[in-house]
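Q: Structure supplied as work06.cif; contents: mmCIF, C-alpha atoms.
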```
data_work
loop_
_atom_site.label_atom_id
_atom_site.label_comp_id
_atom_site.auth_asym_id
_atom_site.auth_seq_id
_atom_site.Cartn_x
_atom_site.Cartn_y
_atom_site.Cartn_z
CA MET R 1455 -38.26 30.34 150.28
CA HIS R 1456 -36.80 26.81 150.50
CA ARG R 1457 -39.46 24.17 149.80
CA PRO R 1458 -39.44 21.26 152.32
CA PRO R 1459 -38.81 17.77 150.88
CA PRO R 1460 -41.89 15.67 149.95
CA ARG R 1461 -41.37 13.46 153.03
CA ILE R 1462 -41.80 16.45 155.35
CA LEU R 1463 -44.78 17.74 153.35
CA ARG R 1464 -46.52 14.36 153.60
CA ARG R 1465 -45.86 14.25 157.33
CA LEU R 1466 -47.23 17.77 157.75
CA ALA R 1467 -50.35 16.93 155.74
CA LYS R 1468 -50.98 13.89 157.94
CA TRP R 1469 -50.50 15.96 161.07
CA LEU R 1470 -52.89 18.66 159.85
CA ALA R 1471 -55.48 16.08 158.91
CA SER R 1472 -55.42 14.56 162.39
CA ALA R 1473 -55.27 17.79 164.40
CA ALA R 1474 -58.82 19.06 164.29
CA ALA R 1475 -58.05 22.28 166.10
CA LEU R 1476 -55.54 23.19 163.44
CA THR R 1477 -57.56 22.34 160.34
CA LEU R 1478 -61.27 23.06 160.52
CA PRO R 1479 -62.12 25.49 157.71
CA ALA R 1480 -63.96 28.70 158.46
CA ALA R 1481 -67.19 27.36 156.99
CA VAL R 1482 -67.21 24.48 159.47
CA LEU R 1483 -66.30 26.72 162.38
CA GLY R 1484 -69.17 29.01 161.51
CA ALA R 1485 -71.62 26.10 161.50
CA VAL R 1486 -70.92 25.05 165.09
CA ALA R 1487 -73.80 25.96 167.41
CA THR R 1488 -72.99 28.52 170.08
CA THR R 1489 -74.74 29.54 173.25
CA ALA R 1490 -76.06 33.02 173.84
CA PRO R 1491 -73.81 35.09 176.10
CA ALA R 1492 -75.03 35.54 179.68
CA HIS R 1493 -72.92 38.66 180.15
CA ALA R 1494 -73.18 41.78 178.04
CA ALA R 1495 -69.82 43.56 177.94
CA THR R 1496 -70.00 47.22 178.98
CA GLY R 1497 -66.56 48.35 177.87
CA THR R 1498 -64.92 48.96 174.52
CA TYR R 1499 -63.54 46.28 172.20
CA GLN R 1500 -61.57 47.56 169.22
CA GLN R 1501 -58.52 47.08 167.04
CA VAL R 1502 -55.43 49.11 167.90
CA THR R 1503 -52.91 50.18 165.27
CA GLY R 1504 -49.55 51.85 165.62
CA PHE R 1505 -48.59 50.01 168.80
CA GLY R 1506 -44.97 49.57 167.72
CA SER R 1507 -42.68 48.43 164.94
CA ASN R 1508 -44.55 45.09 164.97
CA PRO R 1509 -41.81 42.79 163.60
CA GLY R 1510 -44.13 39.77 163.84
CA ASN R 1511 -46.82 41.29 161.58
CA LEU R 1512 -49.51 40.69 164.21
CA GLN R 1513 -52.73 42.58 164.86
CA MET R 1514 -53.73 44.03 168.23
CA TYR R 1515 -57.24 44.11 169.67
CA GLU R 1516 -58.10 45.23 173.18
CA TYR R 1517 -61.01 45.20 175.59
CA VAL R 1518 -61.12 48.06 178.07
CA PRO R 1519 -63.87 47.97 180.71
CA ALA R 1520 -65.74 51.11 181.63
CA GLY R 1521 -64.16 52.91 184.55
CA LEU R 1522 -60.77 51.21 184.26
CA PRO R 1523 -58.52 52.74 186.94
CA SER R 1524 -54.85 53.48 186.46
CA GLY R 1525 -52.61 50.79 187.90
CA ALA R 1526 -54.99 47.95 186.99
CA PRO R 1527 -53.74 44.53 185.83
CA LEU R 1528 -53.38 43.56 182.17
CA VAL R 1529 -54.19 40.20 180.56
CA VAL R 1530 -52.91 39.05 177.16
CA ALA R 1531 -55.17 36.36 175.62
CA LEU R 1532 -53.94 34.36 172.61
CA HIS R 1533 -56.33 32.52 170.31
CA GLY R 1534 -55.78 29.03 168.88
CA CYS R 1535 -55.20 27.95 165.29
CA THR R 1536 -57.98 28.81 162.78
CA GLN R 1537 -59.35 31.25 165.36
CA SER R 1538 -59.30 35.02 165.71
CA ALA R 1539 -59.17 37.67 168.40
CA ASP R 1540 -62.94 38.08 167.91
CA ASP R 1541 -63.48 34.39 168.71
CA TYR R 1542 -61.53 34.61 171.93
CA TYR R 1543 -63.22 37.86 172.90
CA SER R 1544 -66.69 36.41 172.24
CA HIS R 1545 -66.33 32.96 173.84
CA SER R 1546 -63.62 32.93 176.53
CA GLY R 1547 -65.34 34.96 179.25
CA TRP R 1548 -62.44 37.38 179.74
CA PRO R 1549 -64.55 40.54 179.10
CA GLN R 1550 -66.99 39.47 181.83
CA PHE R 1551 -64.32 39.37 184.51
CA ALA R 1552 -62.54 42.42 183.10
CA ASP R 1553 -65.78 44.32 183.75
CA GLN R 1554 -66.22 42.78 187.19
CA TRP R 1555 -62.67 43.13 188.50
CA LYS R 1556 -61.41 46.01 186.34
CA PHE R 1557 -58.48 45.02 184.17
CA ALA R 1558 -57.72 45.45 180.48
CA VAL R 1559 -57.37 42.56 178.03
CA VAL R 1560 -55.18 42.52 174.92
CA PHE R 1561 -56.13 40.02 172.21
CA PRO R 1562 -53.22 39.54 169.76
CA GLN R 1563 -54.17 38.10 166.39
CA THR R 1564 -52.14 36.40 163.71
CA THR R 1565 -53.22 35.89 160.10
CA THR R 1566 -52.80 33.48 157.20
CA SER R 1567 -49.98 35.64 155.88
CA ASN R 1568 -47.94 34.48 158.88
CA ASN R 1569 -49.23 30.92 159.08
CA ILE R 1570 -51.72 29.23 156.76
CA GLN R 1571 -53.71 27.92 159.75
CA LYS R 1572 -53.51 31.23 161.66
CA CYS R 1573 -51.36 29.61 164.36
CA PHE R 1574 -49.03 31.56 166.58
CA GLN R 1575 -45.67 29.99 165.71
CA TRP R 1576 -44.67 28.44 169.04
CA PHE R 1577 -42.36 26.02 167.22
CA ASP R 1578 -40.05 28.58 165.57
CA PRO R 1579 -37.31 30.23 167.70
CA ALA R 1580 -37.12 33.10 165.22
CA LYS R 1581 -40.74 33.87 166.14
CA ASP R 1582 -41.24 32.76 169.77
CA ALA R 1583 -37.90 33.30 171.56
CA ARG R 1584 -36.84 36.45 173.42
CA GLY R 1585 -36.49 39.05 170.69
CA GLY R 1586 -38.30 36.79 168.20
CA THR R 1587 -40.60 38.57 165.80
CA GLU R 1588 -44.01 37.43 167.11
CA SER R 1589 -43.04 37.51 170.77
CA ALA R 1590 -41.56 40.98 170.32
CA SER R 1591 -44.80 42.22 168.75
CA ILE R 1592 -46.78 40.90 171.72
CA VAL R 1593 -44.43 42.58 174.19
CA GLN R 1594 -44.86 45.82 172.23
CA MET R 1595 -48.63 45.46 172.70
CA VAL R 1596 -48.05 45.11 176.45
CA SER R 1597 -45.88 48.25 176.52
CA TYR R 1598 -48.49 50.16 174.52
CA ALA R 1599 -51.30 49.11 176.89
CA GLU R 1600 -49.21 50.02 179.94
CA GLN R 1601 -48.60 53.49 178.56
CA LYS R 1602 -52.13 54.08 177.24
CA HIS R 1603 -54.10 52.71 180.20
CA GLY R 1604 -51.58 53.01 183.02
CA SER R 1605 -51.60 49.24 183.50
CA ASP R 1606 -49.51 47.91 186.36
CA PRO R 1607 -46.29 46.50 184.82
CA HIS R 1608 -45.98 44.11 187.78
CA ARG R 1609 -49.38 42.54 187.11
CA VAL R 1610 -49.26 41.49 183.47
CA PHE R 1611 -50.49 37.98 182.68
CA ALA R 1612 -50.65 35.82 179.55
CA THR R 1613 -53.03 33.03 178.60
CA GLY R 1614 -53.66 31.09 175.43
CA LEU R 1615 -55.34 28.09 173.83
CA SER R 1616 -53.57 25.35 171.83
CA ALA R 1617 -50.95 27.10 169.66
CA GLY R 1618 -51.75 30.21 171.67
CA GLY R 1619 -50.99 28.14 174.77
CA GLY R 1620 -47.68 27.04 173.31
CA MET R 1621 -46.83 30.66 172.57
CA THR R 1622 -47.91 31.61 176.10
CA ALA R 1623 -45.43 29.11 177.57
CA ASP R 1624 -42.70 30.54 175.32
CA LEU R 1625 -43.55 34.10 176.39
CA LEU R 1626 -43.43 33.21 180.09
CA ALA R 1627 -40.01 31.60 179.57
CA ALA R 1628 -38.57 34.35 177.36
CA TYR R 1629 -40.05 37.31 179.22
CA PRO R 1630 -40.37 36.47 182.94
CA ASP R 1631 -39.52 40.12 183.52
CA VAL R 1632 -42.73 41.10 181.71
CA PHE R 1633 -45.26 38.45 182.77
CA ALA R 1634 -46.13 37.77 186.41
CA GLY R 1635 -48.17 34.69 185.57
CA GLY R 1636 -49.68 32.63 182.81
CA ALA R 1637 -52.27 30.02 181.91
CA ILE R 1638 -51.65 27.39 179.26
CA ASP R 1639 -54.88 25.82 177.97
CA SER R 1640 -54.53 22.61 175.93
CA GLY R 1641 -51.03 23.83 175.13
CA LEU R 1642 -47.41 22.74 175.11
CA PRO R 1643 -44.23 23.21 177.16
CA ALA R 1644 -41.95 26.13 176.47
CA GLN R 1645 -39.54 25.45 173.61
CA CYS R 1646 -40.76 21.88 173.13
CA ALA R 1647 -40.32 22.15 169.35
CA THR R 1648 -37.85 24.28 167.44
CA SER R 1649 -39.14 23.44 163.95
CA LEU R 1650 -42.45 22.80 162.22
CA ALA R 1651 -41.39 19.21 161.54
CA ALA R 1652 -40.97 18.58 165.28
CA ALA R 1653 -44.28 20.21 166.26
CA SER R 1654 -46.51 17.14 165.78
CA GLY R 1655 -44.15 15.03 167.90
CA CYS R 1656 -44.56 17.50 170.76
CA GLN R 1657 -48.33 17.52 170.37
CA MET R 1658 -48.75 13.77 170.44
CA ASN R 1659 -45.79 12.11 172.14
CA ASN R 1660 -43.90 11.99 175.41
CA GLN R 1661 -40.54 13.69 174.89
CA ASN R 1662 -38.95 11.62 177.70
CA LEU R 1663 -37.17 14.57 179.29
CA THR R 1664 -36.46 14.96 182.99
CA PRO R 1665 -37.97 17.88 184.93
CA ALA R 1666 -34.50 19.45 185.00
CA GLN R 1667 -34.21 19.19 181.22
CA TRP R 1668 -37.63 20.81 180.82
CA GLY R 1669 -36.67 23.49 183.32
CA ASP R 1670 -33.47 24.22 181.43
CA LYS R 1671 -35.54 25.10 178.36
CA VAL R 1672 -37.09 27.91 180.40
CA ARG R 1673 -33.90 29.04 182.11
CA ASN R 1674 -32.04 29.12 178.78
CA SER R 1675 -34.78 31.28 177.25
CA HIS R 1676 -33.55 34.29 179.25
CA SER R 1677 -30.08 33.35 180.36
CA GLY R 1678 -28.87 35.12 183.46
CA TYR R 1679 -32.34 36.08 184.68
CA THR R 1680 -32.50 36.08 188.50
CA GLY R 1681 -35.91 37.59 189.22
CA PRO R 1682 -39.15 35.85 190.23
CA TRP R 1683 -40.74 33.33 187.88
CA PRO R 1684 -44.32 33.52 186.61
CA ARG R 1685 -47.02 31.54 188.40
CA VAL R 1686 -48.48 29.06 185.93
CA ALA R 1687 -51.91 27.44 185.56
CA ILE R 1688 -52.14 24.41 183.25
CA TRP R 1689 -55.48 23.28 181.81
CA GLN R 1690 -55.90 19.98 179.97
CA GLY R 1691 -58.70 17.64 178.88
CA THR R 1692 -58.08 13.94 179.44
CA SER R 1693 -59.60 13.11 176.02
CA ASP R 1694 -57.59 15.62 174.01
CA TYR R 1695 -56.23 13.88 170.91
CA THR R 1696 -54.85 17.04 169.29
CA VAL R 1697 -52.53 18.11 172.11
CA TYR R 1698 -52.22 14.95 174.16
CA PRO R 1699 -52.53 15.02 177.98
CA VAL R 1700 -48.83 14.16 178.37
CA ASN R 1701 -48.19 17.82 177.60
CA ALA R 1702 -49.82 18.82 180.89
CA THR R 1703 -47.46 16.47 182.72
CA GLU R 1704 -44.47 17.92 180.89
CA LEU R 1705 -45.64 21.46 181.62
CA ARG R 1706 -45.99 20.56 185.30
CA ASP R 1707 -42.48 19.09 185.31
CA GLN R 1708 -41.10 22.14 183.55
CA TRP R 1709 -42.54 24.85 185.75
CA THR R 1710 -42.24 23.07 189.10
CA ASN R 1711 -38.57 22.51 188.29
CA VAL R 1712 -38.14 26.17 187.40
CA TRP R 1713 -39.65 27.05 190.77
CA GLY R 1714 -37.46 24.48 192.52
CA ILE R 1715 -40.43 22.65 194.01
CA SER R 1716 -41.63 19.05 194.05
CA GLN R 1717 -43.57 17.39 191.25
CA THR R 1718 -45.81 15.91 193.96
CA PRO R 1719 -48.84 18.15 194.57
CA SER R 1720 -49.17 20.01 197.85
CA SER R 1721 -52.93 19.41 197.66
CA THR R 1722 -55.63 18.23 195.27
CA HIS R 1723 -59.23 19.37 194.93
CA SER R 1724 -62.36 18.24 193.08
CA LEU R 1725 -63.97 21.06 191.08
CA PRO R 1726 -67.05 21.25 188.83
CA GLY R 1727 -67.08 19.69 185.38
CA GLY R 1728 -65.17 16.58 186.41
CA THR R 1729 -62.10 18.73 187.06
CA THR R 1730 -59.23 17.74 189.35
CA GLN R 1731 -57.05 20.59 190.54
CA SER R 1732 -53.51 19.76 191.67
CA VAL R 1733 -51.68 22.54 193.51
CA TYR R 1734 -47.91 22.89 193.83
CA ASN R 1735 -46.89 25.41 196.49
CA ASP R 1736 -43.76 27.50 196.62
CA ALA R 1737 -41.48 27.75 199.65
CA ASN R 1738 -43.87 30.25 201.25
CA GLY R 1739 -46.86 27.95 200.89
CA LYS R 1740 -48.42 29.91 198.04
CA PRO R 1741 -49.53 28.13 194.83
CA ALA R 1742 -46.85 28.52 192.17
CA VAL R 1743 -48.13 25.94 189.68
CA GLU R 1744 -51.63 24.54 189.31
CA VAL R 1745 -52.78 21.73 187.01
CA TYR R 1746 -56.45 21.38 186.10
CA SER R 1747 -57.30 18.01 184.52
CA ILE R 1748 -60.82 17.84 183.05
CA SER R 1749 -62.17 14.30 182.75
CA GLY R 1750 -63.43 13.45 179.28
CA MET R 1751 -62.86 16.87 177.74
CA GLY R 1752 -61.34 17.10 174.29
CA HIS R 1753 -59.27 19.85 172.72
CA GLY R 1754 -60.33 23.34 173.65
CA LEU R 1755 -60.83 26.02 176.27
CA ALA R 1756 -63.14 25.05 179.13
CA VAL R 1757 -66.12 27.39 179.55
CA ASP R 1758 -69.32 27.15 181.56
CA PRO R 1759 -72.14 29.27 180.11
CA GLY R 1760 -74.59 30.66 182.64
CA SER R 1761 -75.24 33.48 185.06
CA GLY R 1762 -73.62 31.96 188.15
CA THR R 1763 -70.73 33.62 189.94
CA ASP R 1764 -68.18 31.14 188.58
CA GLN R 1765 -69.80 30.63 185.19
CA CYS R 1766 -68.59 32.27 182.01
CA GLY R 1767 -68.16 32.13 178.28
CA THR R 1768 -70.11 30.63 175.42
CA THR R 1769 -69.62 27.34 173.63
CA GLY R 1770 -68.33 27.08 170.10
CA ALA R 1771 -65.54 25.46 168.12
CA TYR R 1772 -62.88 24.63 170.74
CA PHE R 1773 -64.82 26.38 173.51
CA LEU R 1774 -66.15 23.41 175.44
CA ASP R 1775 -68.80 23.26 178.16
CA ALA R 1776 -67.11 21.97 181.32
CA ILE R 1777 -65.94 24.58 183.85
CA CYS R 1778 -65.20 28.30 183.69
CA SER R 1779 -61.43 28.05 183.38
CA THR R 1780 -61.21 31.84 183.04
CA SER R 1781 -62.68 32.43 186.50
CA TYR R 1782 -60.30 30.01 188.22
CA THR R 1783 -57.33 31.37 186.27
CA ALA R 1784 -58.19 34.97 187.14
CA LYS R 1785 -58.51 34.07 190.83
CA PHE R 1786 -55.23 32.14 190.74
CA TRP R 1787 -53.57 35.34 189.53
CA GLY R 1788 -55.36 37.40 192.18
CA LEU R 1789 -57.32 39.51 189.70
CA ASP R 1790 -60.38 39.28 191.96
CA GLY R 1791 -58.49 41.07 194.75
CA SER R 1792 -57.31 37.87 196.47
CA ASP R 1793 -53.79 36.50 196.15
CA GLY R 1794 -54.83 33.04 194.96
CA THR R 1795 -53.68 31.24 198.11
CA ASP R 1796 -56.91 29.31 198.62
CA PRO R 1797 -57.21 26.84 195.71
CA GLY R 1798 -60.65 26.74 194.16
CA ASP R 1799 -62.23 29.08 196.74
CA PRO R 1800 -60.37 32.30 197.55
CA GLY R 1801 -63.25 33.71 199.58
CA ASP R 1802 -63.06 31.91 202.95
CA PRO R 1803 -62.65 34.40 205.83
CA GLY R 1804 -59.22 34.45 207.44
CA ASP R 1805 -57.31 33.35 204.34
CA PRO R 1806 -54.53 35.64 203.05
CA GLY R 1807 -56.10 38.30 200.88
CA ASP R 1808 -59.55 37.99 202.48
CA PRO R 1809 -61.21 40.63 204.68
CA GLY R 1810 -60.87 38.39 207.74
CA GLY R 1811 -57.06 38.73 207.79
CA PRO R 1812 -54.78 41.78 208.12
CA GLN R 1813 -55.48 44.40 205.46
CA GLN R 1814 -52.98 47.16 206.27
CA CYS R 1815 -51.56 49.16 203.38
CA PHE R 1816 -48.26 51.01 203.14
CA THR R 1817 -47.27 53.45 200.39
CA ALA R 1818 -43.57 54.28 200.18
CA SER R 1819 -40.53 54.18 197.93
CA ASN R 1820 -38.93 50.83 197.24
CA TYR R 1821 -36.02 51.87 199.42
CA ALA R 1822 -38.31 52.73 202.33
CA GLN R 1823 -40.32 49.50 201.93
CA VAL R 1824 -37.09 47.50 202.29
CA VAL R 1825 -35.91 49.53 205.29
CA ALA R 1826 -39.31 48.97 206.94
CA GLY R 1827 -39.04 45.20 206.44
CA ARG R 1828 -41.95 44.88 204.02
CA ALA R 1829 -39.74 44.04 201.03
CA HIS R 1830 -36.25 42.86 200.22
CA MET R 1831 -33.62 43.60 197.62
CA SER R 1832 -31.92 41.15 195.25
CA GLY R 1833 -29.80 41.93 192.20
CA GLY R 1834 -30.72 45.60 192.26
CA TYR R 1835 -34.47 44.89 192.27
CA THR R 1836 -37.02 45.07 195.06
CA TYR R 1837 -39.38 42.18 195.90
CA ALA R 1838 -42.39 42.20 198.23
CA ASN R 1839 -41.94 39.93 201.24
CA GLY R 1840 -44.11 36.82 201.06
CA SER R 1841 -45.49 37.20 197.53
CA ASN R 1842 -42.03 37.93 196.07
CA GLN R 1843 -43.64 40.21 193.48
CA ASN R 1844 -41.11 42.30 191.56
CA MET R 1845 -41.52 45.96 192.53
CA GLY R 1846 -38.87 47.32 190.20
CA LEU R 1847 -35.53 48.94 190.89
CA TYR R 1848 -34.25 49.36 194.44
CA ASN R 1849 -34.20 53.14 194.82
CA VAL R 1850 -36.06 56.11 196.31
CA PHE R 1851 -37.72 57.07 193.03
CA VAL R 1852 -40.04 54.06 192.49
CA THR R 1853 -43.06 54.05 194.80
CA HIS R 1854 -45.60 51.27 195.44
CA THR R 1855 -48.45 50.50 197.80
CA LEU R 1856 -48.06 47.18 199.61
CA LYS R 1857 -50.97 45.42 201.30
CA GLU R 1858 -50.24 43.05 204.18
CA THR R 1859 -52.68 40.18 203.61
CA SER R 1860 -51.27 37.97 206.35
CA THR R 1861 -48.40 38.29 208.79
CA ASN R 1862 -45.32 39.48 206.81
CA TYR R 1863 -47.06 38.59 203.50
CA TYR R 1864 -47.32 41.60 201.19
CA VAL R 1865 -48.83 42.05 197.74
CA ILE R 1866 -48.64 45.04 195.40
CA ALA R 1867 -51.87 47.05 195.72
CA ASP R 1868 -51.22 50.14 193.62
CA SER R 1869 -54.76 50.09 192.20
CA GLY R 1870 -56.34 50.46 195.63
CA CYS R 1871 -56.40 48.90 199.06
#
```
Would you mind writing the file's structure down as structure tokens?

A:
Amino acid sequence: MHRPPPRILRRLAKWLASAAALTLPAAVLGAVATTAPAHAATGTYQQVTGFGSNPGNLQMYEYVPAGLPSGAPLVVALHGCTQSADDYYSHSGWPQFADQWKFAVVFPQTTTSNNIQKCFQWFDPAKDARGGTESASIVQMVSYAEQKHGSDPHRVFATGLSAGGGMTADLLAAYPDVFAGGAIDSGLPAQCATSLAAASGCQMNNQNLTPAQWGDKVRNSHSGYTGPWPRVAIWQGTSDYTVYPVNATELRDQWTNVWGISQTPSSTHSLPGGTTQSVYNDANGKPAVEVYSISGMGHGLAVDPGSGTDQCGTTGAYFLDAICSTSYTAKFWGLDGSDGTDPGDPGDPGDPGDPGGPQQCFTASNYAQVVAGRAHMSGGYTYANGSNQNMGLYNVFVTHTLKETSTNYYVIADSGC
């Protein structure tokens, strides 16, 4: 392998020394105090082998709640540098909500044989682009979980912390046909860096690109794609000096431009933990992009240990006590049975997706759903009216259940209505 010149090695060493999330040794990580979990997982957490050809040399772990029904959603959760799938499983709170709302969680894991700091390689197009080795391995994990558990291919979501967040953004850009939504926690815009040498510049500096230039990085990741784009939640601490807060602004610019919507929020809300939520609605008035800015928080995933409804997770290295980001992310994606239209509080009666509004369900072929006016066809694919969720090919062979959550607003409800 070609050895980088000394100048690049010195720059990399300086970057690693300053980026705490990328450098803490295992001994230090193990010494950080953690809180006792408030939720005891009732499902099965285990490593899975033989999930595919695995060109990225990754490992697959999964959490499957007891009583998981066929047609349930699937979440892919990517750890940060120096971390493991076990860390993310233990601290993030995802098993708690998987038990509560019934969905499976895949925890990909990389190793030091891929990257000395155990980082997903969000800065290398050979690894993170469509067909790249690591991204392809993750998509193989998704396909395996869909086949094994009967997961709904239209409700697959990705989330990740730090380097895992950068890889999440790349996955959403490269595979919008696979992922319906994503959450990028203390992460970076899709395709910000295309080399290791450029990675630190993305972490720490404004790249001075226009929203259109950021959006092009997504559009060029899967050229010719005409389907719906993933809905994206962006989480960022204002005191993050590993992945600077400018990255949240760039992510907002990138994904609002992809959606063709304004960079001015449709609404803002004050949430617990000093969190400000900015919501950017699509043309139908549904949140397409949300930015959560946490005052004073450093680099990490926001958790909120406790037994409250919206509390989750345990503290540890890069799992910081502020707000249960996992709960808000899951609700944004509609994993709680809502459709995420009510920012911060999806439970008010009369809102779309709540029991106070229309709750009619219709099971039919994609062709029949279009004929009945509950869906529409574009480019050979069928999309639910209102939510614009991709239902698959426009034909009489693919069947879905659609739930009308408000007038002429339909969501896929294959797992039950």

Q: Do you know which residues are at most 6 Å from range 1598-1614 of chain R counting only C-alpha atoms, after dropping those on the same chain fewer than 4 positions away, and could you put them as a list of chain:residue names?

A: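 Selected residues are R:Phe1505, R:Ser1524, R:Gly1525, R:Ala1526, R:Pro1527, R:Leu1528, R:Val1529, R:Val1530, R:Ala1531, R:Leu1532, R:His1533, R:Gly1618, R:Gly1619, R:Thr1622, R:Phe1633, R:Ala1634, R:Gly1635, R:Gly1636, R:Ala1637, R:Ile1638, R:Asp1639.
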
Q: Going by the chain IDs and residue numbers used in this file, which residues fall under the PyMOL selection byres ((chain R and resi 1503) around 10)? Write them as a CSV table (one decimal) with C-alpha atoms, in the coordinates of the input.

A:
```csv
chain,number,residue,atom,x,y,z
R,1500,GLN,CA,-61.6,47.6,169.2
R,1501,GLN,CA,-58.5,47.1,167.0
R,1502,VAL,CA,-55.4,49.1,167.9
R,1504,GLY,CA,-49.6,51.8,165.6
R,1505,PHE,CA,-48.6,50.0,168.8
R,1506,GLY,CA,-45.0,49.6,167.7
R,1508,ASN,CA,-44.6,45.1,165.0
R,1513,GLN,CA,-52.7,42.6,164.9
R,1514,MET,CA,-53.7,44.0,168.2
R,1515,TYR,CA,-57.2,44.1,169.7
R,1595,MET,CA,-48.6,45.5,172.7
```

Q: Could you tell me, as a VMD selection string, exactly which residues end up selected when the PyMOL selection byres ((chain R and resi 1848-1856) around 12) is applied to this structure?

A: chain R and resid 1525 1606 to 1608 1813 to 1847 1857 to 1860 1862 to 1871

Q: Apply the PyMOL selection byres ((chain R and resi 1780) around 12) to the structure shown and report the selected residues as a ChimeraX atom specification.

A: /R:1529,1531,1542-1543,1545-1552,1612-1615,1636-1639,1687-1689,1746,1755-1759,1763-1768,1773,1776-1779,1781-1787,1789-1790

Q: Can you tell me how far CA of Asn1674 in chain R sits from CA of Ser1649 in chain R, in Å to one decimal?

A: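 According to the coordinates, CA of Asn1674 in chain R and CA of Ser1649 in chain R are separated by 17.4 Å.
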
Q: Name the closest residue to Val1733 in chain R among the candidates R:Glu1588, R:Arg1685, R:Met1751, R:Pro1579; distances are taken between atoms, counting all atoms listed in the file.

A: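 Smallest distance to Val1733 in chain R is found for R:Arg1685.
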
Q: May I have the residues within 12 Å of Gly1586 in chain R as an MDAnalysis selection string, using all atoms listed in the file and disregarding those fewer than 2 positions away in the same chain?

A: chainID R and resid 1508:1511 1575:1584 1588:1594 1621 1624:1625 1628:1629 1675

Q: Which residue out of R:Asp1775, R:Asp1541, R:Glu1744, R:Asp1553 has the minimum interatomic distance to Tyr1517 in chain R when all atoms listed in the file are used?

A: R:Asp1553

Q: Could you work out how far CA of Cys1573 in chain R lies from CA of His1676 in chain R, giving the answer in Å with one decimal?

A: 23.7 Å

Q: Quick one: distance from CA of Ala1558 in chain R to CA of Val1596 in chain R in Å, one decimal?

A: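 Separation of CA of Ala1558 in chain R and CA of Val1596 in chain R: 10.5 Å.
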
Q: Calculated over all atoms listed in the file, which of the candidates R:Ser1721, R:Gln1661, R:Ser1654, R:Thr1566 has the smallest distance to Glu1704 in chain R?

A: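 Closest to Glu1704 in chain R, using all atoms listed in the file: R:Gln1661.
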
Q: Have a look at R:Val1712, R:Ala1653, R:Ala1742, R:Leu1725 and name the one nearest to Ala1617 in chain R; count only C-alpha atoms.

A: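 Using only C-alpha atoms, Ala1617 in chain R sits closest to R:Ala1653.
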